[in-house]
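Trainee: The structure follows.
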Amino acid sequence: MIRTAQAHWTGNGQQGEGSLTTQSKVLNSQPYSFKLRFENADGQAGTNPEELIAAAHSGCFSMALAFALGAAGFTADSIDTEAAVKLDPVEGGFAITGITLKLTAKIPGISREQFDAIAAGAKANCPVSKALSSVPITLEATLV
């Protein structure tokens with residue numbers, strides 16, 4: 001399976017601007033720019049790489065958790081995950097320095113211990129977590 005996306009950019013890094021298009025066209029010439037990434041661009045729709053990584057990671061983790069729960073005999077009533085991707089200045093530019101997955105789940109019949117173990121396994125084994133393994137990833141899991 002291969003999924004694709006394309007980026008188009010014009011101009012220099014700070015004043016330039018670009019667009020992103022995904023294979024599915026969910027993003028179709030979606031604007032992105034320095035201002036949308038690092039400054040306040042009130043009233044302007046757009047995205048940035050860190051937001052897209054956060055979306056990919058929260059979606060992948062939630063799906064991995066649903067599969068892991070199913071393998072253990074559980075079905076979630078709900079799984080809600082927020083991924084917070086931290087971008088910091090470092091020597092030579094910027095780097096993603098951490099990702100926090102904030103999970104809230106409602107899973108009938110599961111114990112806290114089972115939930116914690118299955119959620120930790122999903123964090124470790126989701127393909128996006130594996131791809132981002134050079135970045136510290138933390139999990140804050142709440143069972144309701």
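How things are named: the first chain in the structure tokens is A, the next is B, and so on; residues count from 1 in each chain; ligands count from 1 in the order shown.
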Within 6 Å of stretch 1-8 of chain A, counting only C-alpha atoms, which residues qualify if same-chain residues fewer than 4 places away don't, as a list of chain:residue names?
Mentor: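 Result of the neighbour search: A:Gly18, A:Ser19, A:Leu20, A:Thr21, A:Thr22, A:Gln23.
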Trainee: I need the strand (DSSP E or B) residues of stretch 34-104 of chain A per DSSP on the backbone, written as a list in words.
Mentor: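 Secondary structure check on stretch 34-104 of chain A, strand (DSSP E or B): Thr47, Ser78, Ile79, Asp80, Thr81, Glu82, Ala83, Ala84, Val85, Lys86, Leu87, Asp88, Pro89, Val90, Gly93, Phe94, Ala95, Ile96, Thr97, Gly98, Ile99, Thr100, Leu101, Lys102, Leu103 and Thr104 of chain A.
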Trainee: Now that the selection is made, can you save its residues with N, CA, C and O atoms as a compact mmCIF listing (two decimals), in the first residue's frame?
Mentor:
```
# COMPACT_ATOMS: atom_id res chain seq x y z
N THR A 47 -2.88 24.92 6.86
CA THR A 47 -2.36 23.88 7.74
C THR A 47 -0.86 24.00 7.82
O THR A 47 -0.27 24.96 7.33
N SER A 78 -16.23 4.50 22.89
CA SER A 78 -15.61 5.69 22.29
C SER A 78 -14.12 5.71 22.57
O SER A 78 -13.67 5.26 23.63
N ILE A 79 -13.38 6.22 21.60
CA ILE A 79 -11.94 6.46 21.71
C ILE A 79 -11.71 7.86 21.16
O ILE A 79 -12.02 8.12 20.00
N ASP A 80 -11.23 8.75 21.99
CA ASP A 80 -10.92 10.12 21.56
C ASP A 80 -9.46 10.40 21.86
O ASP A 80 -9.03 10.28 23.01
N THR A 81 -8.71 10.74 20.83
CA THR A 81 -7.27 10.97 20.98
C THR A 81 -6.90 12.33 20.40
O THR A 81 -7.26 12.64 19.27
N GLU A 82 -6.18 13.09 21.19
CA GLU A 82 -5.56 14.33 20.71
C GLU A 82 -4.07 14.11 20.70
O GLU A 82 -3.49 13.62 21.69
N ALA A 83 -3.42 14.43 19.59
CA ALA A 83 -1.96 14.38 19.52
C ALA A 83 -1.45 15.81 19.51
O ALA A 83 -1.88 16.63 18.71
N ALA A 84 -0.55 16.10 20.43
CA ALA A 84 0.07 17.42 20.52
C ALA A 84 1.53 17.27 20.08
O ALA A 84 2.32 16.61 20.75
N VAL A 85 1.86 17.86 18.94
CA VAL A 85 3.21 17.78 18.37
C VAL A 85 3.95 19.06 18.74
O VAL A 85 3.50 20.16 18.40
N LYS A 86 5.07 18.90 19.42
CA LYS A 86 5.85 20.06 19.89
C LYS A 86 7.01 20.33 18.94
O LYS A 86 7.84 19.46 18.68
N LEU A 87 7.06 21.55 18.43
CA LEU A 87 8.13 22.01 17.54
C LEU A 87 8.93 23.06 18.28
O LEU A 87 8.37 24.03 18.78
N ASP A 88 10.23 22.85 18.39
CA ASP A 88 11.09 23.77 19.13
C ASP A 88 12.28 24.21 18.29
O ASP A 88 12.76 23.44 17.43
N PRO A 89 12.77 25.42 18.56
CA PRO A 89 14.03 25.81 17.91
C PRO A 89 15.18 24.98 18.48
O PRO A 89 15.23 24.73 19.69
N VAL A 90 16.04 24.52 17.62
CA VAL A 90 17.24 23.78 18.01
C VAL A 90 18.40 24.32 17.17
O VAL A 90 18.19 25.07 16.22
N GLY A 93 18.10 25.11 13.30
CA GLY A 93 16.73 25.26 12.81
C GLY A 93 15.69 24.87 13.83
O GLY A 93 15.71 25.33 14.97
N PHE A 94 14.80 24.00 13.43
CA PHE A 94 13.70 23.55 14.29
C PHE A 94 13.64 22.03 14.27
O PHE A 94 14.11 21.39 13.33
N ALA A 95 13.04 21.47 15.32
CA ALA A 95 12.87 20.01 15.39
C ALA A 95 11.60 19.69 16.16
O ALA A 95 11.21 20.43 17.08
N ILE A 96 10.98 18.59 15.80
CA ILE A 96 9.89 18.06 16.61
C ILE A 96 10.54 17.39 17.80
O ILE A 96 11.32 16.45 17.64
N THR A 97 10.25 17.90 18.99
CA THR A 97 10.94 17.44 20.19
C THR A 97 10.08 16.56 21.09
O THR A 97 10.57 16.04 22.09
N GLY A 98 8.83 16.39 20.75
CA GLY A 98 7.98 15.52 21.54
C GLY A 98 6.57 15.48 21.01
O GLY A 98 6.12 16.40 20.32
N ILE A 99 5.91 14.38 21.31
CA ILE A 99 4.50 14.21 20.95
C ILE A 99 3.80 13.64 22.17
O ILE A 99 4.28 12.68 22.78
N THR A 100 2.67 14.25 22.52
CA THR A 100 1.85 13.73 23.61
C THR A 100 0.53 13.26 23.02
O THR A 100 -0.16 14.02 22.33
N LEU A 101 0.20 12.00 23.27
CA LEU A 101 -1.10 11.45 22.91
C LEU A 101 -1.99 11.52 24.14
O LEU A 101 -1.66 10.94 25.18
N LYS A 102 -3.09 12.26 24.04
CA LYS A 102 -4.04 12.40 25.14
C LYS A 102 -5.28 11.60 24.77
O LYS A 102 -6.05 11.99 23.89
N LEU A 103 -5.44 10.47 25.44
CA LEU A 103 -6.50 9.52 25.14
C LEU A 103 -7.58 9.56 26.21
O LEU A 103 -7.28 9.54 27.40
N THR A 104 -8.82 9.60 25.77
CA THR A 104 -9.98 9.39 26.64
C THR A 104 -10.82 8.32 25.99
O THR A 104 -11.20 8.45 24.82
```
Trainee: What is the distance, in Å and to one decimal place, between atom CA of A:Gly109 and atom CA of A:Phe74?
Mentor: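 Computed distance, atom CA of A:Gly109 to atom CA of A:Phe74, equals 7.6 Å.
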Trainee: Contacts of A:Met63 at 12 Å or less, counting only C-alpha atoms, minus same-chain residues fewer than 6 places along, as JSON, numbers by chain?
Mentor: {"A": [56, 57, 69, 70, 75, 76, 78, 79, 80, 81, 119, 122, 123, 125, 126, 127, 128]}
Trainee: Rounded to one decimal place, report the atom CA of A:Lys25-atom CA of A:Leu132 distance in Å.
Mentor: 24.5 Å
Trainee: Per DSSP on the backbone, filter chain A down to the residues in helix (DSSP H, G or I) and report them as a PyMOL selection string.
Mentor: chain A and resi 34-38+49-71+112-125+127-131
Trainee: Neighbouring residues of A:Arg112 were defined as those with any atom within 12 Å, considering only C-alpha atoms; residues of the same chain fewer than 6 positions away were excluded. Please report them as a list of chain:residue names.
Mentor: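 My list of contacting residues is A:Ala105, A:Lys106, A:Ile118, A:Ala119, A:Ala141, A:Thr142, A:Leu143, A:Val144.
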